[in-house]
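First the structure, in the form of structure tokens, and then the observations on it.
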Amino acid sequence: MKKAPKSLRLHIGLFGRTNVGKSSFLNLIANQDVAITSPIPGTTTDVVEKVMEFLPLGPVVFLDTAGIDDISSISELRIKKTKNIFDRADIILLLVEADILGKYEDTILREAKKRNTPFIIVLNKIDQKSPSLEFAKKLKVKTERIILCASTDFNNRDVYVNDLKKHLIEICPDDFLNPPPIIGDLIPSKGLAVLIVPIDLEAPKGRIILPQVQTIRDALDNDSAALIVKESEYAHILDNLKKPPDISVCDSQVVSKMVADTPKDVKCTTFSILFARYKGDLIEAVRGVCEIDKLVSGDKILIGEACTHHPVEDDIGRVKIPRWLKGYTGVKLNIDVYSGHDYPENLKDYKLVIHCGGCMINRREMLFRIQRAKQEDVPITNYGVCISFLHGVLERVLSPFPAALDVFRKAKGAKECAQK
């Protein structure tokens, strides 16, 4: 990987009225013409994304949105896309002009506070008009984090950028600065993880997929070793090791073979289950998967994919999981697939959400999706947890996670009691 993927970057959303200078501000920060600017309101018609290294923070992506007060003929669509950025933003920058502060700004700040998203107010165009004393007091009531800026003044760019960096570092979410480990806490220093990596049609040519790359990097960062094998060579490699590995991890599609080949005293799991913890809430995913036993004919199931890959012939989300669900439940289910940043508004219509590992979205958006499901009282689980459950090996692959394993065993015990 030559560049950090978007899902690992700090997401910073730019909000404000039309023509407040959001795009000009983005161009100033990036020190290049990223977004089209114009005195005509509504020039920004869709979200403009700019990825960059913003040291000392590291990799970030700025999200330039359309004006929240857009009144053009397609304003409803623009505003809907703008509001969707609330789900993705780790930090919100609200751009305002001197002496203009009303319902539109209050709407943005209310959304930020509701989601517990930190925000900074950027008072733009100070070269055109100075704020009144009364207006300055109003801003300070909203927040102490205020940046004065003239987004067309590149001569003072360093002043504005340094001020922004100072505020960002102070409010940057802990899970960005100190992300949870993927595998590093599951193996000792100098330990060994065997990673089983099938080479299938969905793997990019000449590369392995992102979750596998990130797991390798996390093992190395924690002073451990990663041994990479294909599923066909796994048993042979185990036989030739001087001592068993500390953990084995596989692609969910070969989980049954891995479990069969792994000694009972060796912990094992899947990449997708690792990411259920890294990007979301593993315990919630385990609770959700137990609801599969309650499904009846006609129930609606949502398959959530964070990426927008071109489906292959035997696609995991569109083909394999639905097939395994039908084989396990023995009933006809209605299955919808939503990919990328799209997510249904009628979530309460579904009996279960089965989400991918979320490697292409940030942790905040994944947690938001989980929270939305909980608010609608809809169980949500993860590809890896679901596949292992349907293959009857979930208890085995939860061995590295005692708390999640305990939740599953209690649910399993309750089911057995109910059947007696």
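Residues are named by chain letter and number: chains run A, B, ... in the order of the structure tokens, numbers start at 1 in each chain, and ligands are numbered from 1 in the order shown.
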Write out as a Markdown table a residue-level contact list of range 302-371 of chain A versus range 166-183 of chain A with cut-off 12 Å: for each qualifying residue the closest pair of atoms and the distance in Å to one decimal, counting only C-alpha atoms, rows sorted by chain and residue number upward.
| residue | atom | partner | partner_atom | distance |
| --- | --- | --- | --- | --- |
| A:Gly357 | CA | A:Ile182 | CA | 12.0 |
| A:Cys359 | CA | A:Ile182 | CA | 11.6 |
| A:Asn362 | CA | A:Phe176 | CA | 9.4 |
| A:Arg363 | CA | A:Asp175 | CA | 8.1 |
| A:Arg364 | CA | A:Asp175 | CA | 8.8 |
| A:Leu367 | CA | A:Asp175 | CA | 11.5 |
Serialized selection, N, CA and C atoms, as a PDB file, in the first residue's frame:
ATOM      1  N   GLY A 357     -16.998  -6.637   7.215  1.00  0.00           N
ATOM      2  CA  GLY A 357     -16.035  -6.226   8.234  1.00  0.00           C
ATOM      3  C   GLY A 357     -15.829  -4.734   8.327  1.00  0.00           C
ATOM      4  N   CYS A 359     -13.925  -2.731   6.350  1.00  0.00           N
ATOM      5  CA  CYS A 359     -12.545  -2.264   6.147  1.00  0.00           C
ATOM      6  C   CYS A 359     -12.477  -0.999   5.298  1.00  0.00           C
ATOM      7  N   ASN A 362     -14.670   4.162   8.058  1.00  0.00           N
ATOM      8  CA  ASN A 362     -13.975   4.378   9.322  1.00  0.00           C
ATOM      9  C   ASN A 362     -14.783   3.822  10.491  1.00  0.00           C
ATOM     10  N   ARG A 363     -14.149   3.746  11.639  1.00  0.00           N
ATOM     11  CA  ARG A 363     -14.781   3.113  12.797  1.00  0.00           C
ATOM     12  C   ARG A 363     -16.023   3.892  13.251  1.00  0.00           C
ATOM     13  N   ARG A 364     -15.970   5.217  13.129  1.00  0.00           N
ATOM     14  CA  ARG A 364     -17.112   6.012  13.549  1.00  0.00           C
ATOM     15  C   ARG A 364     -18.362   5.644  12.751  1.00  0.00           C
ATOM     16  N   LEU A 367     -19.605   2.189  13.833  1.00  0.00           N
ATOM     17  CA  LEU A 367     -20.271   2.267  15.133  1.00  0.00           C
ATOM     18  C   LEU A 367     -21.624   2.956  15.011  1.00  0.00           C
TER      19      LEU A 367
END
Can you build me a table of range 330-417 of chain A residues sitting at most 12 Å from range 184-191 of chain A, with the closest atom pair per residue and its distance in Å to one decimal, using only C-alpha atoms, sorted by chain and residue number, as JSON lines?
{"residue": "A:Leu398", "atom": "CA", "partner": "A:Leu186", "partner_atom": "CA", "distance": 11.9}
{"residue": "A:Ser399", "atom": "CA", "partner": "A:Leu186", "partner_atom": "CA", "distance": 10.5}
{"residue": "A:Pro400", "atom": "CA", "partner": "A:Leu186", "partner_atom": "CA", "distance": 6.8}
{"residue": "A:Phe401", "atom": "CA", "partner": "A:Leu186", "partner_atom": "CA", "distance": 8.8}
{"residue": "A:Pro402", "atom": "CA", "partner": "A:Leu186", "partner_atom": "CA", "distance": 11.4}
Could you find all residues in range 285-318 of chain A that DSSP calls strand (DSSP E) from the backbone, and write them as a count of residues only?
6
Contacts of Glu97 in chain A at 8 Å or less, counting only C-alpha atoms, minus same-chain residues fewer than 5 places along, as a PyMOL selection string?
chain A and resi 20+123-126
Counting only C-alpha atoms, the residue among A:Ile100, A:Val319, A:Val197, A:Ile354 that lies closest to Glu305 in chain A is A:Ile354
Could you pull out the alpha helix (DSSP H) residues of range 250-297 of chain A from DSSP and send them as an MDAnalysis selection string? chainID A and resid 255:261 271:279 282:289
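The shell of residues at most 9 Å from Tyr383 in chain A, with only C-alpha atoms counted and near chain neighbours (fewer than 6 positions) removed, consists of Ser252, Ser272, Ile273, Ala276, Ile303, Ile316, Gly317, Ile321, Ile354, His355, Cys356 and Gly357 of chain A.
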Those same residues, written as an mmCIF file, in the first residue's frame with C-alpha atoms?
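Generated file (result-v4.cif):
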data_model
loop_
_atom_site.group_PDB
_atom_site.id
_atom_site.type_symbol
_atom_site.label_atom_id
_atom_site.label_comp_id
_atom_site.auth_asym_id
_atom_site.auth_seq_id
_atom_site.Cartn_x
_atom_site.Cartn_y
_atom_site.Cartn_z
ATOM 1 C CA SER A 252 -14.223 -16.742 6.661
ATOM 2 C CA SER A 272 -13.760 -10.663 9.598
ATOM 3 C CA ILE A 273 -14.197 -11.433 13.303
ATOM 4 C CA ALA A 276 -15.864 -6.954 14.032
ATOM 5 C CA ILE A 303 -26.701 -7.348 3.715
ATOM 6 C CA ILE A 316 -19.800 -13.648 -0.529
ATOM 7 C CA GLY A 317 -22.530 -11.132 0.378
ATOM 8 C CA ILE A 321 -24.310 -15.903 2.705
ATOM 9 C CA ILE A 354 -25.483 -8.787 8.343
ATOM 10 C CA HIS A 355 -22.623 -6.337 7.765
ATOM 11 C CA CYS A 356 -19.209 -6.839 6.234
ATOM 12 C CA GLY A 357 -16.035 -6.226 8.234
#
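From CA of Gly58 in chain A back to CA of Leu8 in chain A, the distance works out to 10.1 Å.
Proximity of A:Leu195, A:Ile12, A:Val255, A:Leu57 to Lys165 in chain A, computed with only C-alpha atoms, is greatest for A:Leu57.
The space separating CA of Arg9 in chain A from CA of Leu192 in chain A comes to 28.4 Å.
Minimum atom-to-atom distance to Ile68 in chain A, evaluated using only C-alpha atoms, belongs to A:Phe15 out of A:Leu28, A:Phe15, A:Pro118, A:Gln212.
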